[in-house]
file structure-v8.txt (compact mmCIF, C-alpha atoms)
# COMPACT_ATOMS: atom_id res chain seq x y z
CA MET A 26 87.06 -82.01 16.54
CA ILE A 27 85.01 -79.82 14.18
CA ILE A 28 87.99 -77.51 13.59
CA LYS A 29 90.23 -80.51 12.91
CA ASN A 30 87.76 -81.97 10.40
CA ASN A 31 87.39 -78.60 8.63
CA THR A 32 91.17 -78.22 8.46
CA THR A 33 91.55 -81.72 7.00
CA LYS A 34 88.90 -81.03 4.34
CA LEU A 35 90.59 -77.76 3.46
CA LEU A 36 94.01 -79.44 3.11
CA VAL A 37 92.56 -82.18 0.88
CA THR A 38 90.84 -79.57 -1.30
CA LEU A 39 94.00 -77.47 -1.60
CA SER A 40 96.13 -80.52 -2.45
CA PHE A 41 93.64 -81.48 -5.15
CA LEU A 42 93.81 -77.95 -6.60
CA LEU A 43 97.59 -78.15 -6.89
CA ILE A 44 97.43 -81.47 -8.77
CA LEU A 45 94.45 -80.64 -11.01
CA PRO A 46 96.15 -78.22 -13.47
CA PHE A 47 98.87 -80.78 -14.29
CA VAL A 48 96.19 -83.42 -14.94
CA GLN A 49 94.30 -80.94 -17.14
CA LYS A 50 97.44 -80.23 -19.15
CA GLN A 51 97.81 -83.95 -19.84
CA TRP A 52 94.19 -84.12 -20.96
CA PHE A 53 94.83 -81.13 -23.20
CA ASN A 54 97.86 -82.86 -24.78
CA LEU A 55 95.74 -85.92 -25.54
CA TYR A 56 92.93 -83.68 -26.81
CA SER A 57 95.39 -81.83 -29.09
CA LEU A 58 96.23 -85.07 -30.92
CA ASN A 59 92.70 -85.12 -32.37
CA ILE A 60 91.74 -81.48 -32.04
CA ASN A 61 89.29 -81.61 -34.96
CA ASP A 62 87.39 -84.63 -33.63
CA ILE A 63 85.18 -85.05 -30.63
CA SER A 64 86.82 -87.58 -28.35
CA PHE A 65 86.67 -88.73 -24.76
CA TYR A 66 89.61 -86.51 -23.84
CA SER A 67 88.17 -83.44 -25.58
CA ILE A 68 84.94 -83.82 -23.59
CA LEU A 69 86.93 -84.48 -20.42
CA TYR A 70 89.07 -81.39 -20.99
CA TYR A 71 86.03 -79.20 -21.67
CA LEU A 72 84.26 -80.44 -18.55
CA SER A 73 87.37 -80.03 -16.40
CA GLY A 74 87.02 -76.26 -16.72
CA ALA A 75 84.03 -76.44 -14.37
CA ILE A 76 85.83 -78.30 -11.57
CA CYS A 77 87.62 -75.38 -9.91
CA PRO A 78 84.70 -72.90 -10.19
CA THR A 79 82.39 -75.55 -8.70
CA LEU A 80 84.79 -76.10 -5.77
CA VAL A 81 84.90 -72.34 -5.21
CA PHE A 82 81.09 -72.19 -5.24
CA ILE A 83 80.66 -75.06 -2.76
CA ASN A 84 83.43 -73.95 -0.41
CA SER A 85 82.41 -70.29 -0.40
CA LEU A 86 78.73 -71.05 0.10
CA LYS A 87 79.48 -73.42 2.96
CA ASN A 88 82.28 -71.57 4.76
CA TYR A 89 82.25 -67.92 3.69
CA THR A 90 78.56 -67.01 3.64
CA TYR A 91 76.81 -67.89 6.92
CA TYR A 92 79.32 -66.40 9.35
CA ASP A 93 78.97 -66.95 13.09
CA PHE A 94 80.86 -64.38 15.16
CA THR A 95 81.50 -64.03 18.88
CA LYS A 96 78.70 -62.13 20.62
CA ASP A 97 79.94 -61.46 24.17
CA LYS A 98 78.84 -58.69 26.43
CA ILE A 99 80.04 -55.42 24.98
CA HIS A 100 82.46 -53.40 27.11
CA SER A 101 83.01 -49.71 26.46
CA ILE A 102 86.71 -50.10 25.66
CA LYS A 103 86.14 -52.86 23.08
CA ILE A 104 83.44 -51.43 20.84
CA ILE A 105 83.17 -49.44 17.62
CA LYS A 106 80.42 -46.86 17.62
CA GLY A 107 79.49 -43.34 16.61
CA LYS A 108 81.06 -41.62 13.60
CA ARG A 109 83.73 -44.28 13.22
CA LEU A 110 81.09 -46.99 12.89
CA LEU A 111 79.09 -44.84 10.48
CA SER A 112 82.16 -44.40 8.27
CA LEU A 113 82.92 -48.14 8.30
CA VAL A 114 79.31 -49.07 7.48
CA ALA A 115 78.93 -46.50 4.70
CA ILE A 116 82.28 -47.20 3.01
CA ASN A 117 81.93 -50.98 3.18
CA LEU A 118 78.30 -51.05 2.08
CA ILE A 119 78.84 -48.72 -0.90
CA PHE A 120 82.07 -50.46 -1.94
CA LEU A 121 80.51 -53.95 -1.74
CA SER A 122 77.39 -52.83 -3.60
CA TYR A 123 79.48 -51.25 -6.36
CA LEU A 124 81.59 -54.41 -6.75
CA ILE A 125 78.48 -56.60 -7.00
CA ALA A 126 76.79 -54.28 -9.52
CA ASP A 127 79.92 -54.10 -11.68
CA TYR A 128 80.52 -57.86 -11.44
CA ILE A 129 77.00 -58.62 -12.68
CA TYR A 130 77.52 -56.10 -15.49
CA ILE A 131 80.73 -57.95 -16.50
CA ASN A 132 78.72 -61.16 -16.86
CA ILE A 133 76.01 -59.49 -18.96
CA ASP A 134 78.66 -57.80 -21.09
CA LEU A 135 80.39 -61.14 -21.75
CA ILE A 136 77.15 -62.92 -22.66
CA ILE A 137 76.08 -60.26 -25.15
CA ASN A 138 79.54 -59.82 -26.71
CA LEU A 139 79.88 -63.58 -27.20
CA SER A 140 76.33 -64.00 -28.51
CA ILE A 141 75.98 -60.93 -30.74
CA GLU A 142 79.14 -59.89 -32.52
CA GLY A 143 79.74 -56.16 -32.79
CA LEU A 144 77.16 -55.17 -30.17
CA ASN A 145 78.59 -53.12 -27.32
CA VAL A 146 76.69 -53.00 -24.06
CA PRO A 147 76.52 -49.41 -22.78
CA LYS A 148 77.85 -49.07 -19.26
CA PRO A 149 75.29 -47.65 -16.80
CA ASP A 150 75.60 -43.90 -16.37
CA VAL A 151 76.00 -42.29 -12.93
CA PRO A 152 72.25 -42.12 -12.07
CA GLU A 153 71.66 -45.72 -13.20
CA LEU A 154 74.74 -46.99 -11.36
CA SER A 155 73.72 -45.08 -8.24
CA PHE A 156 70.27 -46.69 -8.38
CA PHE A 157 71.74 -50.20 -8.67
CA ILE A 158 74.16 -49.51 -5.81
CA PHE A 159 71.28 -48.24 -3.65
CA LEU A 160 69.14 -51.28 -4.51
CA ILE A 161 71.94 -53.74 -3.73
CA SER A 162 72.70 -51.88 -0.48
CA ILE A 163 69.10 -52.36 0.63
CA LEU A 164 69.29 -56.09 -0.19
CA LEU A 165 72.54 -56.42 1.79
CA ILE A 166 70.93 -55.02 4.91
CA PHE A 167 68.45 -57.90 5.21
CA LYS A 168 69.79 -61.36 6.03
CA LYS A 169 67.77 -63.46 3.55
CA SER A 170 68.36 -61.16 0.58
CA ARG A 171 72.05 -60.88 1.53
CA PHE A 172 72.45 -64.65 1.32
CA LEU A 173 70.56 -64.67 -1.98
CA LEU A 174 72.95 -62.03 -3.34
CA LYS A 175 75.91 -64.16 -2.27
CA LYS A 176 74.53 -67.12 -4.21
CA ILE A 177 74.00 -64.89 -7.28
CA ILE A 178 77.63 -63.70 -7.00
CA LEU A 179 78.93 -67.28 -6.90
CA VAL A 180 76.77 -68.33 -9.86
CA ASN A 181 78.09 -65.24 -11.62
CA PHE A 182 81.65 -66.42 -10.92
CA ILE A 183 80.95 -69.88 -12.36
CA LEU A 184 79.38 -68.45 -15.53
CA ILE A 185 82.24 -66.02 -16.16
CA SER A 186 84.78 -68.79 -15.50
CA LEU A 187 83.07 -71.05 -18.05
CA TYR A 188 82.91 -68.24 -20.65
CA LEU A 189 86.64 -67.59 -20.19
CA TRP A 190 87.38 -71.33 -20.40
CA HIS A 191 85.47 -71.47 -23.70
CA LEU A 192 87.41 -68.45 -25.02
CA GLN A 193 90.70 -69.99 -23.98
CA ILE A 194 90.03 -73.37 -25.58
CA ASN A 195 88.86 -71.83 -28.85
CA ASN A 196 91.63 -69.19 -28.94
CA ILE A 197 89.11 -66.35 -29.05
CA SER A 198 90.85 -63.09 -28.19
CA VAL A 199 89.32 -60.61 -25.77
CA ASP A 200 89.95 -56.97 -26.66
CA ASP A 201 89.02 -53.74 -24.94
CA GLN A 202 85.39 -53.97 -26.04
CA PHE A 203 84.91 -56.39 -23.14
CA HIS A 204 84.44 -54.65 -19.80
CA ILE A 205 86.48 -57.27 -17.92
CA TYR A 206 89.48 -56.35 -20.09
CA ARG A 207 89.75 -53.00 -18.29
CA TYR A 208 90.45 -54.44 -14.84
CA PHE A 209 93.85 -54.22 -13.14
CA GLY A 210 95.80 -54.03 -16.43
CA LEU A 211 96.16 -57.82 -16.36
CA LYS A 212 96.09 -60.06 -19.41
CA ASP A 213 95.04 -63.17 -17.49
CA LEU A 214 91.26 -62.86 -17.41
CA ASN A 215 90.90 -65.81 -15.03
CA LEU A 216 92.93 -63.93 -12.42
CA ILE A 217 90.89 -60.78 -13.00
CA ASN A 218 87.70 -62.75 -12.43
CA LEU A 219 89.18 -64.28 -9.30
CA PHE A 220 90.52 -61.01 -7.86
CA ILE A 221 87.10 -59.38 -8.21
CA LEU A 222 85.50 -62.32 -6.36
CA VAL A 223 88.15 -62.15 -3.61
CA ALA A 224 87.49 -58.41 -3.17
CA ILE A 225 83.77 -59.17 -2.86
CA GLU A 226 84.46 -62.01 -0.40
CA ILE A 227 86.58 -59.79 1.86
CA SER A 228 84.04 -56.98 1.77
CA PHE A 229 81.20 -59.45 2.37
CA TYR A 230 83.04 -60.85 5.41
CA THR A 231 83.49 -57.32 6.79
CA TRP A 232 79.84 -56.45 6.18
CA SER A 233 78.70 -59.73 7.80
CA PHE A 234 80.72 -58.82 10.89
CA LEU A 235 79.42 -55.25 11.08
CA SER A 236 75.78 -56.30 10.60
CA TYR A 237 75.91 -59.44 12.76
CA LYS A 238 72.74 -59.96 14.81
CA THR A 239 71.82 -56.69 16.60
CA ASN A 240 75.08 -54.82 15.99
CA LEU A 241 73.59 -52.16 13.74
CA SER A 242 70.30 -51.82 15.60
CA ASP A 243 72.30 -51.30 18.82
CA TRP A 244 74.73 -49.13 16.84
CA MET A 245 77.61 -50.78 18.66
CA VAL A 246 79.96 -53.32 17.11
CA PRO A 247 82.43 -55.24 19.29
CA LYS A 248 86.00 -55.36 18.07
CA PRO A 249 86.88 -58.70 16.42
CA GLN A 250 87.94 -61.54 18.71
CA LYS A 251 90.56 -64.12 17.77
CA GLY A 252 87.88 -66.63 16.78
CA ASP A 253 86.30 -64.08 14.43
CA VAL A 254 89.50 -63.80 12.39
CA ILE A 255 89.86 -67.54 11.69
CA PRO A 256 87.23 -67.64 8.87
CA PHE A 257 88.96 -64.66 7.25
CA LEU A 258 92.36 -66.37 7.38
CA ASN A 259 90.84 -69.56 5.92
CA LEU A 260 89.32 -67.45 3.14
CA ILE A 261 92.70 -65.89 2.31
CA ILE A 262 94.48 -69.27 2.34
CA PHE A 263 91.83 -70.90 0.16
CA TYR A 264 91.87 -68.18 -2.51
CA PHE A 265 95.66 -68.03 -2.43
CA PHE A 266 95.69 -71.63 -3.64
CA ILE A 267 93.00 -70.85 -6.23
CA ILE A 268 95.32 -68.13 -7.57
CA ILE A 269 98.16 -70.66 -7.71
CA TYR A 270 95.87 -73.07 -9.57
CA TYR A 271 95.04 -70.55 -12.30
CA SER A 272 98.68 -69.43 -12.47
CA ILE A 273 99.85 -73.01 -13.07
CA LEU A 274 97.03 -73.67 -15.54
CA THR A 275 97.94 -70.59 -17.59

call {"tool": "encode", "arguments": {"input": "structure-v8.txt", "output": "structure tokens"}}
result
Amino acid sequence: MIIKNNTTKLLVTLSFLLILPFVQKQWFNLYSLNINDISFYSILYYLSGAICPTLVFINSLKNYTYYDFTKDKIHSIKIIKGKRLLSLVAINLIFLSYLIADYIYINIDLIINLSIEGLNVPKPDVPELSFFIFLISILLIFKKSRFLLKKIILVNFILISLYLWHLQINNISVDDQFHIYRYFGLKDLNLINLFILVAIEISFYTWSFLSYKTNLSDWMVPKPQKGDVIPFLNLIIFYFFIIIYYSILT
């Protein structure tokens, strides 16, 4: 029953996301008729830019943060341990920490570039970046600080989305002085923002699985069961429709 209810909510959310960009385009057409005046439709169009990021925040916080994996008795054939586990933990933890550090830097860079014209934010050098990666790695190890980091990431996503929405509405061009401009070689900054979040979500899911309960203290991680993969598949489906939303909107 719970799975059925979750599936229904997901389908309703995805259907809404497919309809929303067409509604927003109609609001934009009405807003364009009086582009120099503040009207009901101009306010509505401005506020509509927060709908999708807010849905992402709520859905991710509810479904892709507090993972609950299968914790059966571990059998020798079905576990990951030793050097292979060490490699998985190290690679995932460093990669996730780097993504988070760089994502927060993107937000700071956008704020300063939009607030103070002509001021370039220096990118952290190797020692500074290494320190931030180490600090974030420590926070990811502990459950409470890990969840706090996830909330910061989602707030970061909303802020960047709103900045990009403001730039788009006001036809403000983004050149290579913005750090986000350097990602993936894409011109659609909304998709860049989204792809970074998806990469963080996937890595966060993997880290949540590796560090679940006593896995790391026992230094034995059971191989994923079928039920453990369902949240990951839901994550992929949800963000696939978010990508479609931004593609239609653009």

call {"tool": "residues_around", "arguments": {"input": "structure-v8.txt", "residues": "range 86-96 of chain A", "least_positions_apart": "4", "cutoff": "8 Å", "atoms": "all atoms listed in the file", "output": "list in words"}}
result
Phe82, Phe172, Lys175, Lys176, Leu179, Glu226, Tyr230, Ser233, Phe234, Tyr237, Pro247, Pro249, Gln250, Gly252, Asp253, Pro256 and Leu260 of chain A

call {"tool": "residues_near_point", "arguments": {"input": "structure-v8.txt", "point": "(89.2, -78.7, -17.5)", "cutoff": "9 Å", "atoms": "only C-alpha atoms", "output": "PDB file with C-alpha atoms, in the coordinates of the input"}}
result
ATOM      1  CA  LEU A  45      94.450 -80.640 -11.010  1.00  0.00           C
ATOM      2  CA  PRO A  46      96.150 -78.220 -13.470  1.00  0.00           C
ATOM      3  CA  VAL A  48      96.190 -83.420 -14.940  1.00  0.00           C
ATOM      4  CA  GLN A  49      94.300 -80.940 -17.140  1.00  0.00           C
ATOM      5  CA  LYS A  50      97.440 -80.230 -19.150  1.00  0.00           C
ATOM      6  CA  TRP A  52      94.190 -84.120 -20.960  1.00  0.00           C
ATOM      7  CA  PHE A  53      94.830 -81.130 -23.200  1.00  0.00           C
ATOM      8  CA  LEU A  69      86.930 -84.480 -20.420  1.00  0.00           C
ATOM      9  CA  TYR A  70      89.070 -81.390 -20.990  1.00  0.00           C
ATOM     10  CA  TYR A  71      86.030 -79.200 -21.670  1.00  0.00           C
ATOM     11  CA  LEU A  72      84.260 -80.440 -18.550  1.00  0.00           C
ATOM     12  CA  SER A  73      87.370 -80.030 -16.400  1.00  0.00           C
ATOM     13  CA  GLY A  74      87.020 -76.260 -16.720  1.00  0.00           C
ATOM     14  CA  ALA A  75      84.030 -76.440 -14.370  1.00  0.00           C
ATOM     15  CA  ILE A  76      85.830 -78.300 -11.570  1.00  0.00           C
ATOM     16  CA  CYS A  77      87.620 -75.380  -9.910  1.00  0.00           C
ATOM     17  CA  TRP A 190      87.380 -71.330 -20.400  1.00  0.00           C
TER      18      TRP A 190
END

call {"tool": "atom_distance", "arguments": {"input": "structure-v8.txt", "atom1": "CA of Leu111 in chain A", "atom2": "CA of Asp127 in chain A"}}
result
24.0 Å

call {"tool": "closest_residue", "arguments": {"input": "structure-v8.txt", "among": "A:Leu113, A:Leu36, A:Val81, A:Leu121", "to": "Arg171 in chain A", "atoms": "all atoms listed in the file"}}
result
A:Leu121

call {"tool": "atom_distance", "arguments": {"input": "structure-v8.txt", "atom1": "CA of Ile227 in chain A", "atom2": "CA of Phe257 in chain A"}}
result
7.6 Å

call {"tool": "closest_residue", "arguments": {"input": "structure-v8.txt", "among": "A:Leu55, A:Leu80, A:Ile125, A:Ile104", "to": "Ile221 in chain A", "atoms": "all atoms listed in the file"}}
result
A:Ile125

call {"tool": "closest_residue", "arguments": {"input": "structure-v8.txt", "among": "A:Ser242, A:Asn54, A:Ser228, A:Ser140", "to": "Ser122 in chain A", "atoms": "only C-alpha atoms"}}
result
A:Ser228

call {"tool": "closest_residue", "arguments": {"input": "structure-v8.txt", "among": "A:Leu42, A:Ile217, A:Ile225, A:Ile105", "to": "Leu118 in chain A", "atoms": "all atoms listed in the file"}}
result
A:Ile225

call {"tool": "closest_residue", "arguments": {"input": "structure-v8.txt", "among": "A:Leu39, A:Leu187, A:Leu222, A:Ile137", "to": "Leu124 in chain A", "atoms": "all atoms listed in the file"}}
result
A:Leu222

call {"tool": "residues_near_point", "arguments": {"input": "structure-v8.txt", "point": "(77.8, -54.1, 16.0)", "cutoff": "6 Å", "atoms": "all atoms listed in the file", "output": "PyMOL selection string"}}
result
chain A and resi 235+240-241+244-247

call {"tool": "atom_distance", "arguments": {"input": "structure-v8.txt", "atom1": "CA of Ile116 in chain A", "atom2": "CA of Lys103 in chain A"}}
result
21.2 Å

call {"tool": "closest_residue", "arguments": {"input": "structure-v8.txt", "among": "A:Ile261, A:Ile273, A:Ile166, A:Val180", "to": "Val114 in chain A", "atoms": "all atoms listed in the file"}}
result
A:Ile166
